[in-house]
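Structure record follows, encoded as structure tokens.
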Amino acid sequence: MLNYIWSGLIIISVVCSIFFGNTNDLSKALIDSGASSIQLILTMAGIMCLWSGIMKIAIESGFTELIAKLFSPLLRPLFPKLDKKGSAFQSITMNITANLLGIGNAATPFGLKAMEQLHTLNNRSDTASNEMIIFVVMNTASLQLIPTTLATLRQSYGSSAPFEIIAPVWISSAISLAVALIIACTLNIKQKR
Amino acid sequence: MEFVMPAFACIVVLFGLIKRVPVFDIFLKGAKEGIQLLYTIAPTIMGLVFAVDLLRSSGAVDAICKFIDPAANFLGFPKEIIPMVLLRPVSGSGSTALLTALYSDCGPDSFAGRVASVLAGSSETTFYAIAMYFGSIKVKKIRHTLFAALMADFTAALMSVITVRIFFGL
């Protein structure tokens, strides 16, 4: 999909710049974008390494597992059919916890494992089960507690209080997640497969 | 709120010390993974910053914004974030590129800057996550997953405007 979006963006840009008479700006942007992308990557690099390092400590010391245990009662009602001690539910809690802590690259392997285990519990191999829908929907909503990269970008562009958006982010994520879960659960019950 | 990151880092390090793991060695391992991750996403970011910069300078964004403006006004949306609302579910790097473009145009502490920040923090790359997770087990009939997920993105867009208005006035 990104193949089409990316080419689309470039073609639209060139056509529009001719149409609006902005061809000089476009040439300038083309040359500048190399430098600005490197700058963006460098801005993100520091915080990504620092936070990956801290989070590696969280994973290897068992901190994430501790948090996952604390969160599992909250996740129970969403997956009533799953065995509480089963590996599918364990993978799900670890994935959600890793997402909450903002360790995307640790969340993905747990998520893939969870899907695989949910798949073995599913009796129709080409159709998503109710649990899969709930789980994937939770992964498409943002759950991150501390938006580190976001705050870094805000700071590097001169924000006076990079973290001031954290409470609005929590509320906005919580409500959008709630909406998604309500829709998914209602349709799950309605379709009762 | 500015203290949340150092406080969290301190808790994690303390926990590591109590559990007697070699915290600094593990930190180095993790930081290395961070660099590797960055190395793999860097070309994507470059490619999308390039496309977004072209789009911005061509005048196309302004034209789209003018076109959407009445609807955006009706919902109380700052028109500058419309491109981000559209790109956010599809591409993480693309929306980061748009976010930084918006920061340099309007400033991160402007109304549009704050709304864009909240939107970036409270939504995810929906299509990517769905494709990855269902693709991994070759499930094709995803039923209402996409509908529920896109409703979440739409809610996040609305909520980002509402929460910024509540927290920062305007």
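Here's how to read the names in the structure tokens: chain A, B, ... by the order shown, residue numbers from 1 in each chain, ligand numbers from 1 in the order shown.
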Would you write out, as a tab-separated table, a table of all residues in segment 69-145 of chain B that have an atom no more than 9 Å from an atom of segment 35-59 of chain B, listing for each the closest atom pair and the distance in Å to one decimal, considering only C-alpha atoms and ordering rows by chain and rising residue number?
```
residue	atom	partner	partner_atom	distance
B:Ser93	CA	B:Ile45	CA	5.3
B:Gly94	CA	B:Leu48	CA	5.3
B:Ser95	CA	B:Leu48	CA	8.8
B:Thr96	CA	B:Ile45	CA	8.2
B:Ala97	CA	B:Val49	CA	5.1
B:Leu98	CA	B:Val52	CA	6.5
B:Ala101	CA	B:Asp53	CA	7.6
```
Selection to disk with C-alpha atoms, as a PDB file, in the first residue's frame:
```pdb
ATOM      1  CA  SER B  93       7.059   7.191   9.654  1.00  0.00           C
ATOM      2  CA  GLY B  94       4.868   9.162   7.279  1.00  0.00           C
ATOM      3  CA  SER B  95       2.870  10.667  10.113  1.00  0.00           C
ATOM      4  CA  THR B  96       6.088  11.431  12.016  1.00  0.00           C
ATOM      5  CA  ALA B  97       7.296  13.294   8.945  1.00  0.00           C
ATOM      6  CA  LEU B  98       4.021  15.248   8.815  1.00  0.00           C
ATOM      7  CA  ALA B 101       6.638  19.466   9.328  1.00  0.00           C
TER       8      ALA B 101
END
```
(message) Counting only C-alpha atoms, a student should be able to say which residues of chain B come within 6 Å of chain A; what is the right answer, written as a VMD selection string?
(response) chain B and resid 2 12 16 26 to 27 30 to 31 34 to 35 46 49 to 51 53 to 55 57 to 58 60 108 to 109 118 121 to 124 126 139 to 142 145 148 to 149 152 155 to 156 159 to 160 163
(request) Would you please give, as a ChimeraX atom specification, all residues of segment 7-168 of chain B that DSSP assigns to alpha helix (DSSP H) based on the backbone? (result) /B:7-18,23-58,60-75,82-87,92-106,111-122,126-136,145-168
(request) Excluding Leu75 of chain A and any residue of its chain fewer than 6 positions from it, enumerate the residues within 9 Å of it, using only C-alpha atoms, and give them as a VMD selection string. (result) chain A and resid 89 92 to 93
(request) Fewer than 2 positions away in the same chain doesn't count, so skip those; otherwise give me all residues within 8 Å of Val115 of chain B, counting only C-alpha atoms, as a list in words. (result) Ile81, Phe111, Ala112, Gly113, Ser117, Val118, Leu119, Ser160, Val161 and Val164 of chain B
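Atom CA of Gly86 of chain A sits 16.3 Å away from atom CA of Leu74 of chain A.
Ranking A:Phe110, A:Glu131, A:Arg76, A:Ala68 by their shortest atom-to-atom distance to Ser91 of chain A, with only C-alpha atoms included, puts A:Phe110 first.
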(request) In Å, rounded to a single decimal, give me how far atom CA of Lys79 of chain B is from atom CA of Ala63 of chain B. (result) 11.0 Å
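Atom pair atom CA of Leu100 of chain A / atom CA of Leu86 of chain B has a distance of 24.4 Å (rounded to one decimal).
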